[in-house]
Amino acid sequence: MNVILYGKPNCGGCVATKRALEKQGTPFEYVDIEQSGLGRAAVEDLGYSSLPVVFVSRSVHWPGFRPDRIKELPAYLEANNA
């Protein structure tokens, strides 16, 4: 299961989310939606109009900087990768 962080440069929430994921050692792919039309489309398809968006699965994703959700990710990923 891959975590994807959709963001863009100069987005405070995007930078904070990226730092939090890196700090706790959660592997993720970063997609700059200003450079990726497919990334922008993915965010829109999920129904979001603001960034950042963290995508874990079709049923687990959220917008904004959410330290509470980020903190829960390692346990979720471990339980669902087994």
# chains A, B, ... in the order shown; residues from 1 in each chain; ligands from 1
call {"tool": "select_by_dssp", "arguments": {"residues": "chain A", "states": "alpha helix (DSSP H)", "output": "PyMOL selection string"}}
result
chain A and resi 12-24+37-45+67-81
call {"tool": "write_last_selection", "arguments": {"atoms": "N, CA and C atoms", "output": "compact mmCIF listing (two decimals), in the first residue's frame"}}
result
# COMPACT_ATOMS: atom_id res chain seq x y z
N GLY A 12 1.76 25.84 2.77
CA GLY A 12 2.17 25.58 4.15
C GLY A 12 1.73 24.23 4.67
N GLY A 13 0.49 23.86 4.42
CA GLY A 13 -0.02 22.56 4.87
C GLY A 13 0.68 21.40 4.18
N CYS A 14 1.05 21.62 2.92
CA CYS A 14 1.76 20.58 2.17
C CYS A 14 3.14 20.34 2.77
N VAL A 15 3.84 21.43 3.06
CA VAL A 15 5.18 21.34 3.65
C VAL A 15 5.09 20.68 5.02
N ALA A 16 4.11 21.09 5.84
CA ALA A 16 3.97 20.51 7.19
C ALA A 16 3.64 19.02 7.11
N THR A 17 2.79 18.63 6.19
CA THR A 17 2.43 17.22 6.04
C THR A 17 3.63 16.41 5.59
N LYS A 18 4.37 16.93 4.62
CA LYS A 18 5.57 16.24 4.12
C LYS A 18 6.57 16.05 5.25
N ARG A 19 6.81 17.09 6.03
CA ARG A 19 7.76 16.99 7.14
C ARG A 19 7.30 15.97 8.19
N ALA A 20 6.01 15.97 8.49
CA ALA A 20 5.49 15.03 9.50
C ALA A 20 5.63 13.58 9.03
N LEU A 21 5.33 13.33 7.76
CA LEU A 21 5.48 11.98 7.22
C LEU A 21 6.95 11.55 7.24
N GLU A 22 7.84 12.45 6.85
CA GLU A 22 9.27 12.13 6.85
C GLU A 22 9.77 11.90 8.28
N LYS A 23 9.34 12.73 9.21
CA LYS A 23 9.81 12.63 10.60
C LYS A 23 9.46 11.29 11.21
N GLN A 24 8.26 10.78 10.91
CA GLN A 24 7.88 9.49 11.51
C GLN A 24 8.31 8.31 10.65
N GLY A 37 -0.80 16.76 -14.37
CA GLY A 37 -2.24 16.84 -14.66
C GLY A 37 -2.99 15.66 -14.08
N LEU A 38 -2.35 14.49 -14.07
CA LEU A 38 -2.99 13.31 -13.49
C LEU A 38 -3.15 13.48 -11.98
N GLY A 39 -2.17 14.12 -11.33
CA GLY A 39 -2.27 14.39 -9.90
C GLY A 39 -3.42 15.32 -9.59
N ARG A 40 -3.55 16.38 -10.37
CA ARG A 40 -4.66 17.32 -10.19
C ARG A 40 -6.00 16.60 -10.39
N ALA A 41 -6.07 15.77 -11.41
CA ALA A 41 -7.31 15.02 -11.68
C ALA A 41 -7.63 14.07 -10.54
N ALA A 42 -6.61 13.43 -9.96
CA ALA A 42 -6.83 12.50 -8.85
C ALA A 42 -7.43 13.23 -7.65
N VAL A 43 -6.90 14.42 -7.35
CA VAL A 43 -7.43 15.21 -6.24
C VAL A 43 -8.88 15.59 -6.50
N GLU A 44 -9.17 16.04 -7.70
CA GLU A 44 -10.54 16.41 -8.06
C GLU A 44 -11.48 15.20 -8.03
N ASP A 45 -11.00 14.06 -8.50
CA ASP A 45 -11.81 12.84 -8.50
C ASP A 45 -12.19 12.41 -7.07
N PRO A 67 -2.18 16.13 11.71
CA PRO A 67 -1.20 15.37 12.49
C PRO A 67 -1.80 14.14 13.15
N ASP A 68 -3.06 14.22 13.55
CA ASP A 68 -3.71 13.06 14.18
C ASP A 68 -3.80 11.88 13.22
N ARG A 69 -4.17 12.14 11.98
CA ARG A 69 -4.29 11.07 10.99
C ARG A 69 -2.91 10.54 10.59
N ILE A 70 -1.94 11.45 10.46
CA ILE A 70 -0.59 11.05 10.11
C ILE A 70 -0.02 10.11 11.18
N LYS A 71 -0.27 10.45 12.43
CA LYS A 71 0.23 9.64 13.55
C LYS A 71 -0.35 8.22 13.51
N GLU A 72 -1.58 8.06 13.03
CA GLU A 72 -2.24 6.75 12.95
C GLU A 72 -1.77 5.91 11.77
N LEU A 73 -1.11 6.52 10.80
CA LEU A 73 -0.75 5.82 9.56
C LEU A 73 0.12 4.58 9.75
N PRO A 74 1.18 4.62 10.54
CA PRO A 74 2.01 3.41 10.64
C PRO A 74 1.23 2.18 11.09
N ALA A 75 0.38 2.33 12.09
CA ALA A 75 -0.41 1.19 12.57
C ALA A 75 -1.38 0.73 11.49
N TYR A 76 -2.00 1.65 10.78
CA TYR A 76 -2.94 1.29 9.72
C TYR A 76 -2.21 0.54 8.60
N LEU A 77 -1.06 1.08 8.19
CA LEU A 77 -0.30 0.45 7.11
C LEU A 77 0.17 -0.95 7.50
N GLU A 78 0.63 -1.09 8.73
CA GLU A 78 1.09 -2.41 9.22
C GLU A 78 -0.06 -3.41 9.22
N ALA A 79 -1.21 -2.99 9.69
CA ALA A 79 -2.37 -3.89 9.77
C ALA A 79 -2.89 -4.28 8.39
N ASN A 80 -2.74 -3.38 7.42
CA ASN A 80 -3.31 -3.64 6.10
C ASN A 80 -2.30 -4.13 5.08
N ASN A 81 -1.05 -4.23 5.44
CA ASN A 81 -0.04 -4.80 4.54
C ASN A 81 0.26 -6.25 4.88
call {"tool": "select_by_dssp", "arguments": {"residues": "region 32-82 of chain A", "states": "strand (DSSP E)", "output": "list in words"}}
result
Asp32, Val53, Val54, Phe55, Val56, Ser57, Val60, His61, Trp62 and Pro63 of chain A
call {"tool": "residues_around", "arguments": {"residues": "region 1-6 of chain A", "least_positions_apart": "2", "cutoff": "6 Å", "atoms": "only C-alpha atoms", "output": "compact mmCIF listing (two decimals) with N, CA and C atoms, in the first residue's frame"}}
result
# COMPACT_ATOMS: atom_id res chain seq x y z
N PHE A 28 6.29 7.60 1.41
CA PHE A 28 5.21 8.19 0.61
C PHE A 28 5.77 8.68 -0.70
N GLU A 29 4.87 8.85 -1.64
CA GLU A 29 5.19 9.45 -2.94
C GLU A 29 4.62 10.86 -2.93
N TYR A 30 5.40 11.84 -3.34
CA TYR A 30 4.93 13.22 -3.42
C TYR A 30 4.58 13.53 -4.87
N VAL A 31 3.38 14.07 -5.08
CA VAL A 31 2.95 14.45 -6.42
C VAL A 31 2.61 15.94 -6.41
N PRO A 52 -3.06 20.16 1.32
CA PRO A 52 -2.64 18.91 0.71
C PRO A 52 -3.74 17.87 0.77
N VAL A 53 -3.56 16.81 0.02
CA VAL A 53 -4.43 15.64 0.10
C VAL A 53 -3.52 14.43 0.32
N VAL A 54 -3.83 13.65 1.34
CA VAL A 54 -3.11 12.42 1.60
C VAL A 54 -4.02 11.27 1.17
N PHE A 55 -3.50 10.42 0.29
CA PHE A 55 -4.25 9.28 -0.22
C PHE A 55 -3.55 8.00 0.23
N VAL A 56 -4.31 7.16 0.92
CA VAL A 56 -3.79 5.87 1.38
C VAL A 56 -4.49 4.75 0.62
call {"tool": "atom_distance", "arguments": {"atom1": "CA of Phe65 (chain A)", "atom2": "CA of Glu34 (chain A)"}}
result
18.8 Å
call {"tool": "atom_distance", "arguments": {"atom1": "CA of His61 (chain A)", "atom2": "CA of Asn10 (chain A)"}}
result
21.7 Å
